[in-house]
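A.B. asks: Right, I'll just put the structure down here and ask away after.
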Amino acid sequence: MKPENLTVFQLFERQLRYVVPLFQRPYIWTREKQWEAFWEDIEFKADEVLKAGIYSSDDIHRHFLGAIVLNSERPVGFQVPIKIVVDGQQRITTMQIVMFALRDIASAKGISDIVNDLDLLISNRLANIADEEKFKVWPTNADQEVFINLYKAGSIEEVKLGYPSYFRLGSNKPEPKPTLVEAYIYFYEMIQKYVDNKNGDLLDETGANENSTFTNCLIALKEAFLKTMEIVTIDLTEKDNPQVIFESLNYLGAPLLASDLIRNFVFLEANRRKESVKHLYDNYWYEFDRPEKGGHTGFWKVEEKQGRLNRPRIDLFVFHYLALKRGEELLITELYKEFRTWWKKNPDRSVEQGLAELLQYSKIFKRFFTPIGDSRFDIFLNRLRTMEMSTAYPLLLFLLGEKTDISEEDLNGIALDLESYLIRRLVCGLTTKNYNKMFLLLLHRLRNSPVVNRRQLQKLLLEMQGDTGRWPNDDEFRAKWMTQPVYRLIRNRVPMLLLAIEQDIITSMQEKITLSGKLSIEHILPQKYSENDYPFLAGTGLDDTQMHLERDNLIHTLGNLTLLTTALNTKVSNGPFKVKKPEITNQSSLRLNAYFQNPDLGSRWNEINIQERGQHLFAIAIKIWPYPDQIVD
């Protein structure tokens, strides 16, 4: 492979054809995803050219537009030499569309020098060549007709006449035009807008002739695009396999993370502003790229579950940080675009200021995954991860990063209230679908509140109504605690609930045990029970079917669930209670299982026992997760 750095002018000045293979997809770039960024780069360089002088482009730092991979094809006879575009067809086609638009605006103003310059870069000027050979870029089949029509149109009026807007019956929105046409119209309008605005500015500053200032603005755009925008061309040699290269670039290569794109964007901004890229990277960004000892994946590249997908922590952090700063719902799939839009709304901020704040909040976010102590707040952070309630993170970033005057006592109280709110709703089977909006609403109201403390948050939580927002009171919490088949509904959260009870009932007189290894959920009355070992209660007045249904529900309630090591669980599972009980009391070190040491239990375990233990556990739960009526200032 032979790489070469070329300006846009150098890329197209040669008598050469860049041919897009038939197997490649048609032109798919869009305004939101590519054109706007492409245009902003051109506009930025045009401003530099105007400032330095319209023919001073050689003195201006070049801007890298990307790379294209090419494979030479031997011409037949006097055929124009061909380069096959293995990769980069979207970029190279867009360059031609920009030149079409520049040429047509210059033509409309009668600026023939610019028209002639651009024509030499758009078409080959050789005698006796086939019609298609005159195009410097020859797109894939699906785009050839539209591309030829844009080349021949010569004006935006002719383009719009050839591709008029039309509406489907019953629709008030016009059907989209071909993507190449939309691209031409977009760049034409952006060029026109830029030249008109700059022309007006120059007239106000210099009082010069309007035609001359308009010409100078258009020349500045042309010079910026052709002379300061740079492409790396990678020419394949006979030893290179074009198909393998294409597959590596488009299929086998690892996709860029949103954070990779954000990093590139931010440091390009730094370069534009002449801020030290090395200083900024070493002091503010290296932490995000730093590997663990031994070269293992660093903290920020570890993937965490977000919704149905796993995403690296760095992307999750930027997502929640951005939600904090913008105070609105975002799509993580649009993270780079959302970040870029937000960043550009504050042009006065230096890159160093932006990165310093990002690093500051990253230290707070890191605490969400590695709590630093045993405070009530850190306990909440651990349980929040188990509940997979990351929608609360923007609010927590606000409390820990933006409202630094909140007392530690209030922070711990806020953690207690938020956990109570979430746990009670979890046990009661209330929906989590509204949590995104709910936490952002809390963020908005606290941010605009004259006082931010525990009582203010309680007030806001208590104002939430309906299944989507209410904080269940003691009566509702008790009823669901006793009857909700949580093992079926929230199985992966049950260990967290039981361990919370375990943690609460340990007193100063008992040793604190560090739990290592996995604990599994054990049904005291087994899911696969024998009626000989666990007979139904007599005298209930229920028929067999009703008794089975009642028991099948109670089996999965918290009163019938405990935690055991996997080995002990395997040993006692499905066995009779008279065998299971001594094994649990002799082997388990959990205070949660001290309940089974009660000699009054004897060798029986039935529905009444399940409800009695449920009440026992609930008496502890209501202290761990209290309702505001029980909270005293």
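Numbering starts fresh at 1 for the residues of each chain in the structure tokens, the chains themselves are lettered A, B, ... in the order given, and ligands are numbered from 1 as they appear.
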Write out as a PDB file with N, CA and C atoms, in the first residue's frame the residues lying within 10 Å of Pro164 of chain A, counting only C-alpha atoms and excluding same-chain residues fewer than 6 positions away.

C.D. replies:
```
ATOM      1  N   GLU A 158     -32.718  24.716 -11.952  1.00  0.00           N
ATOM      2  CA  GLU A 158     -32.885  23.569 -12.839  1.00  0.00           C
ATOM      3  C   GLU A 158     -32.939  22.255 -12.054  1.00  0.00           C
ATOM      4  N   PRO A 174     -43.427  16.744   2.259  1.00  0.00           N
ATOM      5  CA  PRO A 174     -43.028  16.293   0.924  1.00  0.00           C
ATOM      6  C   PRO A 174     -42.195  15.026   0.983  1.00  0.00           C
ATOM      7  N   GLU A 175     -42.313  14.226  -0.043  1.00  0.00           N
ATOM      8  CA  GLU A 175     -41.500  13.013  -0.141  1.00  0.00           C
ATOM      9  C   GLU A 175     -40.034  13.409  -0.353  1.00  0.00           C
ATOM     10  N   LYS A 177     -36.372  13.782  -1.791  1.00  0.00           N
ATOM     11  CA  LYS A 177     -35.740  13.707  -3.107  1.00  0.00           C
ATOM     12  C   LYS A 177     -34.589  12.705  -3.033  1.00  0.00           C
TER      13      LYS A 177
END
```

A.B. asks: As a VMD selection string, please: every residue in segment 109-336 of chain A that a backbone DSSP assignment puts in alpha helix (DSSP H).

C.D. replies: chain A and resid 112 to 122 141 to 153 156 to 162 179 to 206 210 to 227 242 to 247 258 to 272 277 to 280 286 to 289 313 to 326 335 to 336

A.B. asks: Name all residues at most 10 Å from Gly466 of chain A (count only C-alpha atoms; drop same-chain ones fewer than 4 positions away) and give them as a PDB file with C-alpha atoms, in the first residue's frame.

C.D. replies:
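This is the output file out-v6.pdb:
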```
ATOM      1  CA  LEU A 430     -44.841  -0.856  39.861  1.00  0.00           C
ATOM      2  CA  ARG A 470     -46.143   7.103  43.509  1.00  0.00           C
ATOM      3  CA  TRP A 471     -44.135   6.185  46.586  1.00  0.00           C
TER       4      TRP A 471
END
```

A.B. asks: Find, counting only C-alpha atoms, the residue in A:Phe78, A:Phe9, A:Phe187, A:Trp29 that gets nearest to Ile97 of chain A.

C.D. replies: A:Phe187

A.B. asks: Mind checking which residues fall within 9 Å of Gly154 of chain A, counting only C-alpha atoms, ignoring those fewer than 5 positions away in the same chain, and posting them as a PyMOL selection string?

C.D. replies: chain A and resi 100-101+103-105+107-108+159

A.B. asks: For Gln458 of chain A, work out the shell of residues within 12 Å, counting only C-alpha atoms and skipping chain neighbours fewer than 6 positions away, then give it as an MDAnalysis selection string.

C.D. replies: chainID A and resid 410 413:421 442 446 452 464 470:471 626:629 631 633

A.B. asks: Name the closest residue to Asn560 of chain A among the candidates A:Glu73, A:Asp543, A:Glu607, A:Glu502; distances are taken between atoms, counting only C-alpha atoms.

C.D. replies: A:Glu607

A.B. asks: Would you kindly return, as a ChimeraX atom specification, each protein, DNA or RNA residue with an atom no farther than 9 Å from any atom of segment 16-22 of chain A, considering only C-alpha atoms and excluding same-chain residues fewer than 3 positions away?

C.D. replies: /A:12-13,25,70,80-87,89,92,123-124,133-142
